[in-house]
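K.L.:
So I've got this file, input_10.tsv, and it contains TSV, C-alpha atoms and all ligand atoms:
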chain	number	residue	atom	x	y	z
O	244	MET	CA	7.21	0.53	25.55
O	245	ASN	CA	6.22	-2.77	23.92
O	246	LYS	CA	6.17	-2.67	20.13
O	247	THR	CA	6.80	-6.37	19.55
O	248	PRO	CA	4.34	-7.73	16.97
O	249	LEU	CA	1.58	-9.77	18.64
O	250	TYR	CA	-0.70	-11.76	16.33
O	251	GLY	CA	0.46	-9.53	13.50
O	252	VAL	CA	-0.12	-6.19	15.20
O	253	ARG	CA	2.29	-3.84	16.96
O	254	ILE	CA	1.19	-2.63	20.38
O	255	LYS	CA	2.56	0.25	22.41
O	256	SER	CA	1.72	-0.08	26.12
O	257	CYS	CA	0.14	3.03	27.67
O	258	GLU	CA	-0.01	4.17	31.28
O	259	GLY	CA	-3.39	3.54	32.91
O	260	VAL	CA	-4.47	1.10	30.19
O	261	TYR	CA	-4.67	-2.71	30.27
O	262	SER	CA	-1.86	-4.19	28.18
O	263	PRO	CA	-2.62	-7.40	26.25
O	264	ALA	CA	-2.22	-10.40	28.55
O	265	GLU	CA	-2.97	-14.13	28.63
O	266	ASP	CA	-6.74	-13.57	28.31
O	267	SER	CA	-6.33	-11.17	25.36
O	268	PHE	CA	-4.03	-13.67	23.60
O	269	LEU	CA	-6.43	-16.58	24.13
O	270	LEU	CA	-9.21	-14.56	22.51
O	271	ALA	CA	-6.97	-13.36	19.66
O	272	GLU	CA	-5.93	-16.95	18.92
O	273	ALA	CA	-9.54	-18.04	18.59
O	274	LEU	CA	-10.67	-15.11	16.44
O	275	ASP	CA	-11.78	-15.83	12.91
O	276	VAL	CA	-13.00	-12.57	11.39
O	277	GLY	CA	-14.21	-12.72	7.80
O	278	SER	CA	-13.34	-10.09	5.22
O	279	GLY	CA	-15.36	-6.93	4.96
O	280	VAL	CA	-17.40	-7.49	8.13
O	281	SER	CA	-18.32	-4.90	10.78
O	282	VAL	CA	-16.77	-5.41	14.22
O	283	LEU	CA	-17.41	-3.88	17.62
O	284	ASP	CA	-14.41	-4.19	20.00
O	285	MET	CA	-16.03	-3.66	23.39
O	286	GLY	CA	-13.61	-2.55	26.14
O	287	CYS	CA	-10.77	-2.07	23.66
O	288	GLY	CA	-7.97	-1.27	26.16
O	289	SER	CA	-4.79	-0.84	24.09
O	290	GLY	CA	-6.80	-1.59	20.91
O	291	PHE	CA	-5.20	-5.02	20.53
O	292	LEU	CA	-8.24	-7.18	19.63
O	293	GLY	CA	-9.77	-4.54	17.34
O	294	LEU	CA	-6.47	-4.20	15.51
O	295	VAL	CA	-6.21	-7.96	15.01
O	296	ALA	CA	-9.77	-7.89	13.62
O	297	ALA	CA	-9.06	-4.81	11.48
O	298	LYS	CA	-6.62	-6.79	9.35
O	299	THR	CA	-9.58	-8.47	7.60
O	300	ALA	CA	-12.70	-6.58	8.72
O	301	GLY	CA	-14.35	-3.83	6.70
O	302	ARG	CA	-14.69	-1.55	9.69
O	303	VAL	CA	-14.01	-1.73	13.43
O	304	LEU	CA	-15.52	0.41	16.17
O	305	SER	CA	-13.36	0.24	19.32
O	306	VAL	CA	-15.02	1.53	22.49
O	307	ASP	CA	-14.00	1.87	26.11
O	308	VAL	CA	-15.20	3.73	29.18
O	309	ASN	CA	-11.59	4.70	29.96
O	310	GLN	CA	-10.51	7.78	27.95
O	311	SER	CA	-6.83	6.75	28.16
O	312	ALA	CA	-7.71	3.47	26.42
O	313	LEU	CA	-9.17	5.40	23.48
O	314	GLU	CA	-6.04	7.54	23.14
O	315	CYS	CA	-3.91	4.40	23.35
O	316	THR	CA	-6.02	2.62	20.71
O	317	GLU	CA	-5.70	5.63	18.37
O	318	GLN	CA	-1.92	5.61	18.78
O	319	ASN	CA	-1.76	1.89	18.12
O	320	ALA	CA	-4.03	2.22	15.06
O	321	CYS	CA	-1.55	4.80	13.71
O	322	LEU	CA	1.38	2.54	14.52
O	323	ASN	CA	-0.25	-0.23	12.46
O	324	GLY	CA	-1.48	2.02	9.64
O	325	SER	CA	-5.08	0.90	10.30
O	326	THR	CA	-7.50	3.28	8.61
O	327	ASN	CA	-10.67	1.21	9.09
O	328	LEU	CA	-10.80	1.57	12.89
O	329	GLU	CA	-12.74	4.27	14.75
O	330	VAL	CA	-12.69	4.88	18.51
O	331	ARG	CA	-15.50	6.13	20.71
O	332	ARG	CA	-16.07	6.55	24.43
O	333	SER	CA	-18.96	4.46	25.64
O	334	ASP	CA	-20.09	2.81	28.84
O	335	LEU	CA	-20.95	-0.54	27.25
O	336	PHE	CA	-23.68	0.19	24.63
O	337	SER	CA	-24.72	3.60	26.01
O	338	ASN	CA	-23.17	5.48	23.05
O	339	ILE	CA	-23.66	2.86	20.33
O	340	ALA	CA	-26.48	2.73	17.81
O	341	GLY	CA	-26.98	-0.03	15.27
O	342	SER	CA	-25.66	-3.56	15.04
O	343	PHE	CA	-22.52	-5.43	14.00
O	344	ASP	CA	-21.46	-8.72	12.38
O	345	PHE	CA	-18.92	-9.40	15.15
O	346	ILE	CA	-18.69	-8.26	18.77
O	347	LEU	CA	-15.50	-8.96	20.76
O	348	PHE	CA	-15.36	-8.62	24.53
O	349	ASN	CA	-12.66	-9.46	27.04
O	350	PRO	CA	-14.58	-8.05	30.03
O	351	PRO	CA	-13.55	-7.19	33.58
O	352	TYR	CA	-14.29	-10.54	35.26
O	353	LEU	CA	-12.50	-10.71	38.62
O	354	PRO	CA	-14.59	-10.81	41.80
O	355	THR	CA	-13.60	-7.96	44.13
O	356	GLU	CA	-14.37	-6.98	47.72
O	357	GLU	CA	-16.57	-3.98	48.45
O	358	GLY	CA	-14.44	-0.96	49.37
O	359	GLU	CA	-11.38	-2.00	47.36
O	360	PRO	CA	-9.71	1.06	45.82
O	361	ARG	CA	-10.89	1.80	42.28
O	362	ASP	CA	-9.04	3.67	39.51
O	363	ALA	CA	-8.90	3.70	35.70
O	364	VAL	CA	-6.76	0.56	35.60
O	365	SER	CA	-9.03	-1.41	37.94
O	366	LEU	CA	-11.85	-0.87	35.42
O	367	ALA	CA	-10.05	-3.50	33.37
O	368	TRP	CA	-10.50	-6.34	35.87
O	369	ASP	CA	-13.01	-5.22	38.52
O	370	GLY	CA	-16.17	-7.28	38.09
O	371	GLY	CA	-17.74	-6.37	41.43
O	372	GLN	CA	-18.50	-8.91	44.17
O	373	SER	CA	-19.64	-11.68	41.83
O	374	GLY	CA	-17.20	-10.74	39.09
O	375	ARG	CA	-20.24	-10.36	36.81
O	376	ASP	CA	-21.33	-6.73	37.18
O	377	VAL	CA	-20.13	-5.58	33.75
O	378	ILE	CA	-20.74	-8.97	32.12
O	379	ASP	CA	-24.43	-9.04	33.13
O	380	ARG	CA	-24.98	-5.45	31.93
O	381	PHE	CA	-23.34	-6.35	28.61
O	382	LEU	CA	-25.52	-9.45	28.20
O	383	ALA	CA	-28.70	-7.47	28.86
O	384	ASP	CA	-28.20	-5.37	25.70
O	385	VAL	CA	-25.97	-7.37	23.36
O	386	SER	CA	-28.70	-9.02	21.28
O	387	GLU	CA	-29.93	-5.58	20.16
O	388	HIS	CA	-26.51	-4.88	18.60
O	389	ILE	CA	-25.70	-8.08	16.73
O	390	ASN	CA	-26.77	-8.81	13.15
O	391	LEU	CA	-28.61	-11.98	12.22
O	392	GLY	CA	-25.92	-14.64	11.74
O	393	GLY	CA	-23.53	-12.44	13.72
O	394	ARG	CA	-20.93	-13.70	16.18
O	395	ILE	CA	-19.84	-12.73	19.66
O	396	TYR	CA	-16.38	-13.76	20.87
O	397	MET	CA	-16.27	-13.36	24.62
O	398	LEU	CA	-13.71	-14.29	27.27
O	399	GLY	CA	-15.02	-16.10	30.36
O	400	SER	CA	-13.47	-17.25	33.61
O	401	SER	CA	-14.37	-19.96	36.11
O	402	LEU	CA	-13.97	-17.24	38.78
O	403	SER	CA	-17.07	-15.46	37.51
O	404	ASP	CA	-19.24	-18.38	36.40
O	405	TYR	CA	-18.85	-18.40	32.63
O	406	GLU	CA	-21.50	-21.15	32.53
O	407	LYS	CA	-24.05	-18.53	33.57
O	408	THR	CA	-22.99	-16.43	30.57
O	409	ILE	CA	-23.59	-19.44	28.32
O	410	SER	CA	-27.09	-20.00	29.80
O	411	VAL	CA	-28.07	-16.36	29.37
O	412	LEU	CA	-26.87	-16.27	25.76
O	413	GLU	CA	-28.66	-19.56	25.00
O	414	SER	CA	-31.86	-18.15	26.45
O	415	TYR	CA	-31.64	-15.32	23.87
O	416	GLY	CA	-31.31	-17.86	21.04
O	417	PHE	CA	-27.52	-17.88	20.55
O	418	GLN	CA	-25.74	-21.13	19.67
O	419	ILE	CA	-22.66	-21.41	21.88
O	420	SER	CA	-19.39	-23.22	21.46
O	421	LEU	CA	-16.17	-23.05	23.47
O	422	VAL	CA	-13.45	-22.31	20.94
O	423	ALA	CA	-10.50	-22.06	23.35
O	424	ARG	CA	-9.76	-22.86	26.97
O	425	ARG	CA	-6.73	-22.58	29.23
O	426	LYS	CA	-6.19	-23.73	32.81
O	427	LEU	CA	-4.18	-21.32	34.94
O	428	ASP	CA	-3.19	-21.75	38.61
O	429	PHE	CA	-6.41	-20.43	40.13
O	430	GLU	CA	-8.90	-20.30	37.27
O	431	GLU	CA	-9.89	-21.63	33.91
O	432	LEU	CA	-10.25	-19.20	31.02
O	433	VAL	CA	-12.51	-19.95	28.07
O	434	VAL	CA	-13.40	-18.20	24.84
O	435	MET	CA	-17.11	-18.47	24.06
O	436	LEU	CA	-18.33	-18.10	20.50
O	437	ALA	CA	-22.01	-17.20	20.35
O	438	VAL	CA	-23.73	-17.27	16.95
O	439	TYR	CA	-27.02	-15.44	16.52
O	440	ASP	CA	-28.71	-17.72	14.07
O	441	PHE	CA	-32.49	-17.80	14.09
K	1	LIG	C1	-9.62	-7.01	30.51
K	1	LIG	S1	-9.52	-5.43	29.74
K	1	LIG	C2	-9.42	-5.94	28.03
K	1	LIG	C3	-8.69	-4.95	27.14
K	1	LIG	C4	-8.46	-5.45	25.71
K	1	LIG	N1	-9.71	-5.69	25.02
K	1	LIG	C5	-7.63	-6.70	25.71
K	1	LIG	O1	-8.20	-7.79	25.52
K	1	LIG	O2	-6.39	-6.62	25.91
K	1	LIG	C6	-11.21	-4.82	29.90
K	1	LIG	C7	-11.45	-3.45	29.25
K	1	LIG	O3	-12.87	-3.13	29.41
K	1	LIG	C8	-12.97	-1.76	29.72
K	1	LIG	N2	-14.25	-1.54	30.41
K	1	LIG	C9	-14.56	-1.78	31.71
K	1	LIG	N3	-15.84	-1.44	31.97
K	1	LIG	C10	-16.34	-0.97	30.79
K	1	LIG	C11	-17.61	-0.43	30.43
K	1	LIG	N4	-18.61	-0.34	31.31
K	1	LIG	N5	-17.79	-0.01	29.14
K	1	LIG	C12	-16.76	-0.10	28.24
K	1	LIG	N6	-15.54	-0.58	28.54
K	1	LIG	C13	-15.33	-1.02	29.80
K	1	LIG	C14	-11.75	-1.47	30.59
K	1	LIG	O4	-11.46	-0.08	30.64
K	1	LIG	C15	-10.68	-2.30	29.87
K	1	LIG	O5	-10.03	-1.56	28.87
In structure tokens, how does this file's structure come out?
P.N.:
Amino acid sequence: MNKTPLYGVRIKSCEGVYSPAEDSFLLAEALDVGSGVSVLDMGCGSGFLGLVAAKTAGRVLSVDVNQSALECTEQNACLNGSTNLEVRRSDLFSNIAGSFDFILFNPPYLPTEEGEPRDAVSLAWDGGQSGRDVIDRFLADVSEHINLGGRIYMLGSSLSDYEKTISVLESYGFQISLVARRKLDFEELVVMLAVYDF
């Protein structure tokens, strides 16, 4: 059980749920969430990013397709006394109506071989053959759920062509900047900030 404070929040690890790792920390470091704003934490896992955001946000909706992640997020919200965070099961935007000031997403981004075994934990990293299966589905709907002037913070990897993510977001009218990057042994991680500013 890991209850060490990380970026000001306490996180209990849960079986079958992605625990905050290098990619989560890179995104948390880059986050700048204004006070009173609405936040969608897509693919919340342990709840880590949503809980960091909840320190200043007005309200946070944390969603995941993995039921264990929702239970874990609820437990961690309790542990941190966060009362402005709600959890909901959703396959990407399938169970979400309306739009948000901020959307956070550390997606599954690793390329995988067809036929590799899948379970609840592999949902956290399995991006299909290109690594982009979930990313491309997310991008197809995200502009319908972001407020004018809103911001998306999204983790990208060189293993799944984060430059393609930038091009797609630019084609929808987002202004993109890279607000963090880290070279690891086999990949480069970046945090993309996309501002929806027509
Ligand atoms: C890399 S983990 C990130 C977890 C957490 N946000 C963090 O940064 O520590 C990706 C998360 O996305 C979730 N996920 C995968 N596919 C999803 C989908 N189609 N809809 C919603 N969540 C999904 C996984 O269950 C997992 O919790």
K.L.:
Please identify every residue of chain O that has at least one atom no farther than 7 Å from an atom of ligand LIG 1 (chain K), counting all atoms listed in the file, and for each give the shortest atom pair and the distance in Å to one decimal, arranged by chain then increasing number, as a tab-separated table.
P.N.:
residue	atom	partner	partner_atom	distance
O:Val260	CA	K:LIG1	O5	6.3
O:Tyr261	CA	K:LIG1	C3	5.6
O:Ser262	CA	K:LIG1	O2	5.6
O:Pro263	CA	K:LIG1	O2	3.9
O:Ala264	CA	K:LIG1	O2	6.2
O:Asp266	CA	K:LIG1	O1	6.6
O:Ser267	CA	K:LIG1	O1	3.9
O:Met285	CA	K:LIG1	N6	6.0
O:Gly286	CA	K:LIG1	O3	3.4
O:Cys287	CA	K:LIG1	N1	4.0
O:Gly288	CA	K:LIG1	O5	3.4
O:Ser289	CA	K:LIG1	C4	6.1
O:Gly290	CA	K:LIG1	C4	6.4
O:Phe291	CA	K:LIG1	O2	5.7
O:Leu292	CA	K:LIG1	N1	5.8
O:Val306	CA	K:LIG1	C12	6.2
O:Asp307	CA	K:LIG1	N6	3.8
O:Val308	CA	K:LIG1	C12	4.2
O:Asn309	CA	K:LIG1	O4	4.8
O:Ala312	CA	K:LIG1	O5	6.1
O:Ser333	CA	K:LIG1	C12	5.7
O:Asp334	CA	K:LIG1	N5	3.7
O:Leu335	CA	K:LIG1	N5	3.7
O:Phe348	CA	K:LIG1	N1	6.4
O:Asn349	CA	K:LIG1	C2	4.9
O:Pro350	CA	K:LIG1	C6	4.7
O:Pro351	CA	K:LIG1	C6	5.0
O:Ala363	CA	K:LIG1	O4	6.8
O:Val364	CA	K:LIG1	O4	6.9
O:Leu366	CA	K:LIG1	C9	4.7
O:Ala367	CA	K:LIG1	C15	3.8
O:Trp368	CA	K:LIG1	C1	5.5
O:Val377	CA	K:LIG1	N4	6.0
K.L.:
Around the point (0.5, -3.7, 17.1) in the file's coordinates, collect all residues with an atom within 9 Å, using all atoms listed in the file, and return them as a list in words.
P.N.:
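With a cut-off of 9 Å, the residues come to Asn245, Lys246, Thr247, Pro248, Leu249, Tyr250, Gly251, Val252, Arg253, Ile254, Lys255, Gly290, Phe291, Leu294, Val295, Asn319, Ala320, Leu322 and Asn323 of chain O.
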K.L.:
Quick one: pull the distance between atom CA of Glu329 of chain O and atom CA of Arg302 of chain O, Å, one decimal.
P.N.:
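Rounded to one decimal, the two atoms are 8.0 Å apart.
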K.L.:
My list of candidates is O:Ser337, O:Ser400, O:Ser305, O:Thr299. Which is closest to Gly374 of chain O when distances are computed with all atoms listed in the file?
P.N.:
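Distance minimum relative to Gly374 of chain O lands on O:Ser400.
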K.L.:
In terms of the shortest atom-to-atom distance over only C-alpha atoms, which of O:Ala297, O:Leu347, O:Leu412, O:Leu391 is closest to Thr326 of chain O?
P.N.:
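Smallest distance to Thr326 of chain O is found for O:Ala297.
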K.L.:
Which value, in Å to one decimal, gives the distance between atom CA of Tyr405 of chain O and atom CA of Gly259 of chain O?
P.N.:
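Straight-line distance from atom CA of Tyr405 of chain O to atom CA of Gly259 of chain O works out to 26.8 Å.
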K.L.:
Using Å and a single decimal, report how far atom CA of Tyr415 of chain O sits from atom CA of Ser403 of chain O.
P.N.:
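Answer for the atom CA of Ser403 of chain O to atom CA of Tyr415 of chain O separation: 20.0 Å.
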K.L.:
Within 10 Å of (-23.9, -5.4, 13.5) (coordinates as in the file), grab all the protein and nucleic acid residues, counting all atoms listed in the file, and write them out as a PyMOL selection string.
P.N.:
chain O and resi 280-283+340-346+386-394
K.L.:
Using all atoms listed in the file, which residues sit within 9 Å of Gln310 of chain O once same-chain residues fewer than 5 positions away are excluded, as a ChimeraX atom specification?
P.N.:
/O:315,331-332,363
K.L.:
Out of O:Ile339, O:Leu421, O:Leu432, O:Cys257, which residue has the shortest atom-to-atom distance to Leu402 of chain O when counting only C-alpha atoms?
P.N.:
O:Leu432
K.L.:
Starting from 3 Å padding per side, set up an axis-aligned box that covers all listed atoms of segment 404-414 of chain O and hand over centre and edge lengths in Å, one decimal, as AutoDock Vina command-line options.
P.N.:
--center_x -25.4 --center_y -18.7 --center_z 30.7 --size_x 19.0 --size_y 10.9 --size_z 17.4
